[in-house]
file protein-v4.txt (compact mmCIF, C-alpha atoms and all ligand atoms)
# COMPACT_ATOMS: atom_id res chain seq x y z
CA MET A 1 71.27 89.54 133.02
CA ASN A 2 71.52 92.59 130.75
CA LYS A 3 72.88 91.86 127.28
CA LYS A 4 74.87 94.38 125.29
CA GLY A 5 76.51 93.88 121.92
CA PHE A 6 80.29 94.24 122.16
CA ILE A 7 81.78 94.95 118.73
CA PHE A 8 85.54 94.88 118.21
CA ASP A 9 87.50 96.30 115.33
CA LEU A 10 90.42 94.05 114.36
CA ASP A 11 93.52 95.86 113.11
CA GLY A 12 94.95 97.97 115.92
CA VAL A 13 92.39 96.77 118.49
CA ILE A 14 92.63 92.97 118.69
CA VAL A 15 95.97 92.51 116.95
CA ASP A 16 98.95 94.69 116.24
CA THR A 17 98.56 94.58 112.44
CA ALA A 18 98.19 98.34 111.89
CA LYS A 19 102.00 98.50 111.68
CA TYR A 20 102.00 95.91 108.84
CA HIS A 21 99.40 97.86 106.86
CA PHE A 22 101.62 100.94 107.29
CA LEU A 23 104.79 99.10 106.20
CA ALA A 24 103.10 97.58 103.15
CA TRP A 25 101.52 100.87 102.02
CA GLN A 26 104.76 102.77 102.56
CA LYS A 27 106.72 100.25 100.50
CA LEU A 28 104.19 100.51 97.69
CA ALA A 29 104.04 104.32 97.86
CA LYS A 30 107.82 104.48 97.56
CA THR A 31 107.66 102.66 94.21
CA LEU A 32 105.35 105.47 93.07
CA GLU A 33 107.70 108.08 94.55
CA ILE A 34 105.09 109.12 97.07
CA ASN A 35 106.01 109.73 100.70
CA PHE A 36 103.51 109.91 103.51
CA THR A 37 103.92 110.48 107.20
CA GLU A 38 102.76 108.48 110.20
CA GLU A 39 100.29 111.28 110.85
CA GLU A 40 98.80 110.88 107.35
CA ASN A 41 98.74 107.13 107.97
CA GLU A 42 96.10 107.74 110.69
CA GLN A 43 93.73 108.58 107.82
CA LEU A 44 94.28 105.12 106.32
CA LYS A 45 93.37 103.24 109.50
CA GLY A 46 89.98 101.52 109.28
CA VAL A 47 89.68 102.63 105.67
CA SER A 48 89.17 100.03 102.89
CA ARG A 49 92.01 98.89 100.64
CA VAL A 50 90.56 100.70 97.60
CA ARG A 51 90.01 103.95 99.50
CA SER A 52 93.51 103.76 101.02
CA LEU A 53 95.18 103.57 97.60
CA GLU A 54 92.97 106.39 96.31
CA LYS A 55 94.12 108.56 99.22
CA ILE A 56 97.81 107.76 98.72
CA LEU A 57 97.56 108.56 95.00
CA ALA A 58 95.82 111.85 95.82
CA TRP A 59 98.60 112.77 98.30
CA GLY A 60 101.12 112.20 95.50
CA ASN A 61 98.97 113.97 92.91
CA LYS A 62 99.04 110.84 90.75
CA THR A 63 96.47 109.19 88.53
CA ILE A 64 96.91 105.67 87.17
CA PRO A 65 94.86 103.41 84.89
CA GLU A 66 92.35 100.97 86.44
CA THR A 67 94.43 97.88 85.57
CA LYS A 68 97.49 99.35 87.30
CA PHE A 69 95.31 100.27 90.31
CA MET A 70 94.18 96.64 90.67
CA GLU A 71 97.75 95.41 90.25
CA LEU A 72 99.01 97.72 93.02
CA MET A 73 96.26 96.64 95.40
CA GLY A 74 97.29 93.03 94.80
CA LYS A 75 100.93 93.87 95.46
CA LYS A 76 100.14 95.66 98.71
CA ASN A 77 98.03 92.74 99.90
CA ASP A 78 100.71 90.16 99.01
CA ASP A 79 103.25 92.16 100.97
CA TYR A 80 100.82 92.54 103.90
CA LEU A 81 100.09 88.79 103.87
CA SER A 82 103.81 88.01 103.96
CA HIS A 83 103.95 89.84 107.31
CA ILE A 84 100.77 88.07 108.52
CA SER A 85 102.19 84.65 107.67
CA LYS A 86 104.84 85.18 110.35
CA MET A 87 102.39 86.46 112.91
CA THR A 88 101.97 84.67 116.24
CA LYS A 89 99.65 84.92 119.23
CA SER A 90 102.22 87.27 120.79
CA GLU A 91 100.83 89.97 118.51
CA ILE A 92 97.44 89.91 120.21
CA LEU A 93 97.28 93.29 121.93
CA PRO A 94 97.65 93.43 125.74
CA ASP A 95 94.69 92.19 127.82
CA VAL A 96 92.49 91.46 124.77
CA PRO A 97 92.01 87.78 125.75
CA LYS A 98 91.27 88.83 129.35
CA ILE A 99 88.55 91.27 128.22
CA LEU A 100 87.03 88.75 125.78
CA ASN A 101 86.98 86.05 128.47
CA TYR A 102 85.34 88.39 130.96
CA LEU A 103 82.59 89.29 128.48
CA ILE A 104 82.07 85.61 127.62
CA GLU A 105 81.83 84.79 131.33
CA LYS A 106 79.18 87.53 131.63
CA GLN A 107 77.34 85.99 128.62
CA GLN A 108 77.67 89.12 126.51
CA PRO A 109 77.32 88.79 122.71
CA ILE A 110 80.58 89.58 120.91
CA ALA A 111 81.14 90.54 117.26
CA LEU A 112 83.97 91.57 115.01
CA GLY A 113 83.44 94.68 112.86
CA SER A 114 86.45 95.10 110.60
CA ALA A 115 87.13 96.73 107.24
CA SER A 116 89.72 94.08 106.45
CA LYS A 117 89.12 91.36 103.87
CA ASN A 118 91.79 89.36 105.71
CA ALA A 119 90.00 89.47 109.08
CA ARG A 120 88.83 85.84 109.28
CA HIS A 121 92.25 84.56 108.26
CA ILE A 122 93.97 86.71 110.92
CA LEU A 123 91.55 85.65 113.69
CA GLU A 124 92.21 82.01 112.84
CA ARG A 125 95.95 82.62 112.80
CA VAL A 126 95.92 83.96 116.38
CA ASP A 127 93.30 81.42 117.49
CA LEU A 128 90.66 83.95 118.57
CA LYS A 129 87.91 83.18 116.04
CA LYS A 130 86.04 80.91 118.48
CA ASN A 131 85.41 83.88 120.79
CA PHE A 132 83.17 85.72 118.32
CA ASP A 133 79.43 85.14 117.97
CA ALA A 134 79.39 87.10 114.69
CA ILE A 135 81.95 88.35 112.21
CA VAL A 136 81.43 91.20 109.75
CA ASP A 137 84.44 92.13 107.64
CA GLY A 138 85.46 93.85 104.42
CA ASN A 139 83.94 91.03 102.34
CA ASP A 140 80.48 91.60 103.82
CA VAL A 141 79.94 95.33 103.33
CA SER A 142 79.49 97.64 100.38
CA LYS A 143 80.22 100.88 102.23
CA ALA A 144 83.45 101.33 104.17
CA LYS A 145 83.92 103.11 107.53
CA PRO A 146 83.08 105.93 108.36
CA ASP A 147 79.81 104.53 106.99
CA PRO A 148 78.18 102.60 109.88
CA GLU A 149 77.19 99.59 107.70
CA VAL A 150 79.79 97.22 109.19
CA PHE A 151 78.68 97.90 112.80
CA LEU A 152 74.95 97.93 112.00
CA ASN A 153 75.33 94.53 110.30
CA ALA A 154 77.19 93.21 113.34
CA ALA A 155 74.41 94.45 115.66
CA LYS A 156 71.82 92.75 113.44
CA LEU A 157 73.71 89.44 113.53
CA LEU A 158 73.96 89.68 117.33
CA ASN A 159 70.27 90.56 117.47
CA ILE A 160 70.98 93.60 119.66
CA ASP A 161 69.69 97.14 118.99
CA PRO A 162 72.45 99.56 117.85
CA GLU A 163 71.95 101.79 120.91
CA ASN A 164 72.80 98.78 123.08
CA CYS A 165 76.08 98.15 121.28
CA ILE A 166 79.57 99.19 122.30
CA VAL A 167 82.33 99.56 119.70
CA PHE A 168 86.08 99.36 120.35
CA GLU A 169 88.01 101.20 117.61
CA ASP A 170 91.50 102.53 116.95
CA SER A 171 90.68 104.61 113.87
CA VAL A 172 89.21 108.05 113.29
CA ALA A 173 86.91 106.60 110.58
CA GLY A 174 85.77 103.74 112.83
CA VAL A 175 84.90 105.96 115.81
CA GLU A 176 82.92 108.16 113.44
CA ALA A 177 81.08 105.07 112.10
CA ALA A 178 80.19 103.96 115.64
CA ASN A 179 78.95 107.45 116.51
CA VAL A 180 76.80 107.62 113.36
CA ALA A 181 75.35 104.20 114.30
CA ARG A 182 74.47 105.71 117.72
CA MET A 183 76.57 103.10 119.51
CA VAL A 184 78.85 103.76 122.49
CA SER A 185 82.28 104.43 120.97
CA ILE A 186 85.43 103.48 122.81
CA GLY A 187 88.66 104.69 121.26
CA ILE A 188 91.76 102.54 121.74
CA GLY A 189 94.72 104.83 121.21
CA SER A 190 95.57 108.43 121.79
CA LYS A 191 93.08 111.05 122.96
CA SER A 192 94.58 113.58 120.58
CA VAL A 193 93.56 111.39 117.61
CA LEU A 194 90.34 109.80 118.94
CA GLY A 195 88.89 112.71 120.90
CA HIS A 196 85.49 112.26 119.19
CA ALA A 197 84.96 108.88 120.95
CA ASP A 198 82.72 108.60 124.05
CA TYR A 199 85.68 107.14 125.98
CA VAL A 200 89.37 106.79 125.09
CA PHE A 201 91.93 104.39 126.59
CA ASN A 202 95.54 103.90 125.52
CA ASP A 203 94.97 100.14 125.52
CA PHE A 204 92.87 97.42 127.15
CA THR A 205 95.08 97.25 130.24
CA GLU A 206 93.38 100.52 131.27
CA ILE A 207 89.88 99.01 131.05
CA SER A 208 88.67 97.60 134.36
CA GLU A 209 86.04 94.96 135.06
CA GLY A 210 84.12 97.69 136.89
CA PHE A 211 83.99 99.77 133.70
CA LEU A 212 82.81 96.73 131.70
CA ASN A 213 80.10 96.09 134.32
CA THR A 214 78.94 99.70 133.97
CA LEU A 215 78.73 99.26 130.19
CA ILE A 216 76.74 96.04 130.62
CA ASN A 217 74.32 97.44 133.18
CA ASN A 218 73.63 100.95 131.88
P1 LIG B 301 92.57 94.68 103.97
P2 LIG B 301 90.14 97.36 110.67
C1 LIG B 301 91.27 97.93 108.32
O1 LIG B 301 90.98 97.02 109.33
C2 LIG B 301 92.64 98.57 108.51
O2 LIG B 301 92.63 99.41 109.64
C3 LIG B 301 92.99 99.39 107.30
O3 LIG B 301 94.28 99.95 107.46
C4 LIG B 301 92.93 98.49 106.06
O4 LIG B 301 93.20 99.22 104.87
C5 LIG B 301 91.54 97.85 105.96
O5 LIG B 301 91.28 97.14 107.13
C6 LIG B 301 91.42 96.91 104.78
O6 LIG B 301 92.23 95.80 105.04
O7 LIG B 301 93.49 95.28 102.96
O8 LIG B 301 93.20 93.59 104.81
O9 LIG B 301 91.26 94.25 103.35
O10 LIG B 301 90.98 98.31 111.44
O11 LIG B 301 88.79 97.88 110.23
O12 LIG B 301 90.05 96.00 111.33
MG MG B 302 91.48 99.34 113.20

call {"tool": "encode", "arguments": {"input": "protein-v4.txt", "output": "structure tokens", "more": "lines below"}}
Ligand code: B16
Ligand code: MG
result
Amino acid sequence: MNKKGFIFDLDGVIVDTAKYHFLAWQKLAKTLEINFTEEENEQLKGVSRVRSLEKILAWGNKTIPETKFMELMGKKNDDYLSHISKMTKSEILPDVPKILNYLIEKQQPIALGSASKNARHILERVDLKKNFDAIVDGNDVSKAKPDPEVFLNAAKLLNIDPENCIVFEDSVAGVEAANVARMVSIGIGSKSVLGHADYVFNDFTEISEGFLNTLINN
């Protein structure tokens, strides 16, 4: 049987946590008297915590000392984690378990490729960690998406060549990272945002077993 490397982003692909990142950043930005729109928030998806705060400060034309920067990152994460602590399996996005189970049944290697430093904790919380053969997250990389490091490391751990890997991503930066890594990029979200992906689906309910078989066999 053909083996491909299936790499999943976490926030916004496996679980519905993108909304919690947005809420936590918005709350923090308000304390700095910075407003940003949902459209601008798209630029924060898949982007590291440090880079996200840098972007928000730039939108508000603000500079702050390093100690304050670290303090704000801590605050945002505490707020984010307070949302996560209430999270249940119901926040796994539609048909994700079905797709994972199908790929496991077909003996396909599966990895997580996330920018989040909270990724392992979240996977445990929703009881999906056991489905992954490899996990690469924000603690394991030095360069954030759109740099391909996170996906290239995942491919290495799966022992599959990058060109035989398929990435599922909800962010502009993540699709770009997959493209740079020369992997097949599958955008999960809207075509108007993720038009640079090889394929785009609104969610996993639109992905058929036939399509997965084509990915495995091509
Ligand atoms: P944390 P992903 C990304 O996760 C999120 O999309 C992004 O909004 C967040 O800033 C980043 O993780 C860092 O997360 O603060 O938990 O370390 O989409 O790559 O799974
Ligand atoms: Mg994401």

call {"tool": "closest_atom_pairs", "arguments": {"input": "protein-v4.txt", "of": "chain A", "to": "ligand LIG 301 (chain B)", "cutoff": "9 Å", "atoms": "all atoms listed in the file", "output": "CSV"}}
result
residue,atom,partner,partner_atom,distance
A:Phe8,CA,B:LIG301,O12,8.3
A:Asp9,CA,B:LIG301,O12,4.8
A:Leu10,CA,B:LIG301,O12,3.6
A:Asp11,CA,B:LIG301,O12,3.9
A:Gly12,CA,B:LIG301,O10,6.0
A:Val13,CA,B:LIG301,O10,7.4
A:Ile14,CA,B:LIG301,O12,8.4
A:Val15,CA,B:LIG301,O12,8.9
A:Thr17,CA,B:LIG301,O2,8.1
A:Ala18,CA,B:LIG301,O2,6.1
A:Lys19,CA,B:LIG301,O3,8.9
A:Tyr20,CA,B:LIG301,O3,8.8
A:His21,CA,B:LIG301,O3,5.6
A:Phe22,CA,B:LIG301,O3,7.4
A:Trp25,CA,B:LIG301,O4,8.9
A:Asn41,CA,B:LIG301,O3,8.5
A:Glu42,CA,B:LIG301,O3,8.6
A:Gln43,CA,B:LIG301,O3,8.7
A:Leu44,CA,B:LIG301,O3,5.3
A:Lys45,CA,B:LIG301,O2,3.9
A:Gly46,CA,B:LIG301,O2,3.4
A:Val47,CA,B:LIG301,C3,4.9
A:Ser48,CA,B:LIG301,C6,4.3
A:Arg49,CA,B:LIG301,O4,4.4
A:Val50,CA,B:LIG301,O4,7.9
A:Arg51,CA,B:LIG301,O4,7.8
A:Ser52,CA,B:LIG301,O4,6.0
A:Leu53,CA,B:LIG301,O4,8.7
A:Met73,CA,B:LIG301,O7,8.2
A:Lys76,CA,B:LIG301,O7,7.9
A:Asn77,CA,B:LIG301,O7,6.0
A:Tyr80,CA,B:LIG301,O8,7.7
A:Leu81,CA,B:LIG301,O8,8.4
A:Leu112,CA,B:LIG301,O12,8.4
A:Gly113,CA,B:LIG301,O11,6.8
A:Ser114,CA,B:LIG301,O11,3.7
A:Ala115,CA,B:LIG301,O11,3.6
A:Ser116,CA,B:LIG301,O6,3.4
A:Lys117,CA,B:LIG301,O9,3.6
A:Asn118,CA,B:LIG301,O8,4.5
A:Ala119,CA,B:LIG301,O8,6.7
A:Asp137,CA,B:LIG301,O11,7.7
A:Gly138,CA,B:LIG301,O9,5.9
A:Asn139,CA,B:LIG301,O9,8.1
A:Ala144,CA,B:LIG301,O11,8.8
A:Lys145,CA,B:LIG301,O11,7.6
A:Glu169,CA,B:LIG301,O10,7.4
A:Asp170,CA,B:LIG301,O10,7.0
A:Ser171,CA,B:LIG301,O10,6.8
A:Ala173,CA,B:LIG301,O11,8.9
A:Gly174,CA,B:LIG301,O11,7.1

call {"tool": "write_last_selection", "arguments": {"input": "protein-v4.txt", "atoms": "C-alpha atoms", "output": "tab-separated table (two decimals), keeping the file's coordinate frame"}}
result
chain	number	residue	atom	x	y	z
A	8	PHE	CA	85.54	94.88	118.21
A	9	ASP	CA	87.50	96.30	115.33
A	10	LEU	CA	90.42	94.05	114.36
A	11	ASP	CA	93.52	95.86	113.11
A	12	GLY	CA	94.95	97.97	115.92
A	13	VAL	CA	92.39	96.77	118.49
A	14	ILE	CA	92.63	92.97	118.69
A	15	VAL	CA	95.97	92.51	116.95
A	17	THR	CA	98.56	94.58	112.44
A	18	ALA	CA	98.19	98.34	111.89
A	19	LYS	CA	102.00	98.50	111.68
A	20	TYR	CA	102.00	95.91	108.84
A	21	HIS	CA	99.40	97.86	106.86
A	22	PHE	CA	101.62	100.94	107.29
A	25	TRP	CA	101.52	100.87	102.02
A	41	ASN	CA	98.74	107.13	107.97
A	42	GLU	CA	96.10	107.74	110.69
A	43	GLN	CA	93.73	108.58	107.82
A	44	LEU	CA	94.28	105.12	106.32
A	45	LYS	CA	93.37	103.24	109.50
A	46	GLY	CA	89.98	101.52	109.28
A	47	VAL	CA	89.68	102.63	105.67
A	48	SER	CA	89.17	100.03	102.89
A	49	ARG	CA	92.01	98.89	100.64
A	50	VAL	CA	90.56	100.70	97.60
A	51	ARG	CA	90.01	103.95	99.50
A	52	SER	CA	93.51	103.76	101.02
A	53	LEU	CA	95.18	103.57	97.60
A	73	MET	CA	96.26	96.64	95.40
A	76	LYS	CA	100.14	95.66	98.71
A	77	ASN	CA	98.03	92.74	99.90
A	80	TYR	CA	100.82	92.54	103.90
A	81	LEU	CA	100.09	88.79	103.87
A	112	LEU	CA	83.97	91.57	115.01
A	113	GLY	CA	83.44	94.68	112.86
A	114	SER	CA	86.45	95.10	110.60
A	115	ALA	CA	87.13	96.73	107.24
A	116	SER	CA	89.72	94.08	106.45
A	117	LYS	CA	89.12	91.36	103.87
A	118	ASN	CA	91.79	89.36	105.71
A	119	ALA	CA	90.00	89.47	109.08
A	137	ASP	CA	84.44	92.13	107.64
A	138	GLY	CA	85.46	93.85	104.42
A	139	ASN	CA	83.94	91.03	102.34
A	144	ALA	CA	83.45	101.33	104.17
A	145	LYS	CA	83.92	103.11	107.53
A	169	GLU	CA	88.01	101.20	117.61
A	170	ASP	CA	91.50	102.53	116.95
A	171	SER	CA	90.68	104.61	113.87
A	173	ALA	CA	86.91	106.60	110.58
A	174	GLY	CA	85.77	103.74	112.83

call {"tool": "atom_distance", "arguments": {"input": "protein-v4.txt", "atom1": "atom CA of A:Ala197", "atom2": "atom CA of A:Phe132"}}
result
23.4 Å

call {"tool": "atom_distance", "arguments": {"input": "protein-v4.txt", "atom1": "atom CA of A:Asn218", "atom2": "atom CA of A:Ile104"}}
result
18.0 Å

call {"tool": "closest_residue", "arguments": {"input": "protein-v4.txt", "among": "A:Ile122, A:Ile64, A:Ala134, A:Leu194", "to": "A:Glu176", "atoms": "all atoms listed in the file"}}
result
A:Leu194

call {"tool": "closest_residue", "arguments": {"input": "protein-v4.txt", "among": "A:Val200, A:Ala111, A:Val184, A:Val175", "to": "ligand MG 302 (chain B)", "atoms": "only C-alpha atoms and all ligand atoms"}}
result
A:Val175

call {"tool": "closest_residue", "arguments": {"input": "protein-v4.txt", "among": "A:Asn131, A:Gln108, A:Ala29, A:Asp78", "to": "A:Asn159", "atoms": "only C-alpha atoms"}}
result
A:Gln108

call {"tool": "closest_residue", "arguments": {"input": "protein-v4.txt", "among": "A:Gly189, A:Gly74, A:Pro109, A:Pro162", "to": "A:Ile135", "atoms": "only C-alpha atoms"}}
result
A:Pro109

call {"tool": "residues_around", "arguments": {"input": "protein-v4.txt", "residues": "A:Met183", "least_positions_apart": "3", "cutoff": "8 Å", "atoms": "all atoms listed in the file", "output": "compact mmCIF listing (two decimals) with C-alpha atoms, in the frame of the given file"}}
result
# COMPACT_ATOMS: atom_id res chain seq x y z
CA PRO A 162 72.45 99.56 117.85
CA GLU A 163 71.95 101.79 120.91
CA ASN A 164 72.80 98.78 123.08
CA CYS A 165 76.08 98.15 121.28
CA ILE A 166 79.57 99.19 122.30
CA VAL A 167 82.33 99.56 119.70
CA ALA A 178 80.19 103.96 115.64
CA ASN A 179 78.95 107.45 116.51
CA VAL A 180 76.80 107.62 113.36

call {"tool": "closest_residue", "arguments": {"input": "protein-v4.txt", "among": "A:Leu103, A:Leu28, A:Ile7, A:Ala155", "to": "ligand MG 302 (chain B)", "atoms": "only C-alpha atoms and all ligand atoms"}}
result
A:Ile7

call {"tool": "closest_residue", "arguments": {"input": "protein-v4.txt", "among": "A:Glu33, A:Ala181, A:Leu123, A:Phe211", "to": "A:Phe151", "atoms": "only C-alpha atoms"}}
result
A:Ala181

call {"tool": "atom_distance", "arguments": {"input": "protein-v4.txt", "atom1": "atom CA of A:Val126", "atom2": "atom CA of A:Ser90"}}
result
8.4 Å
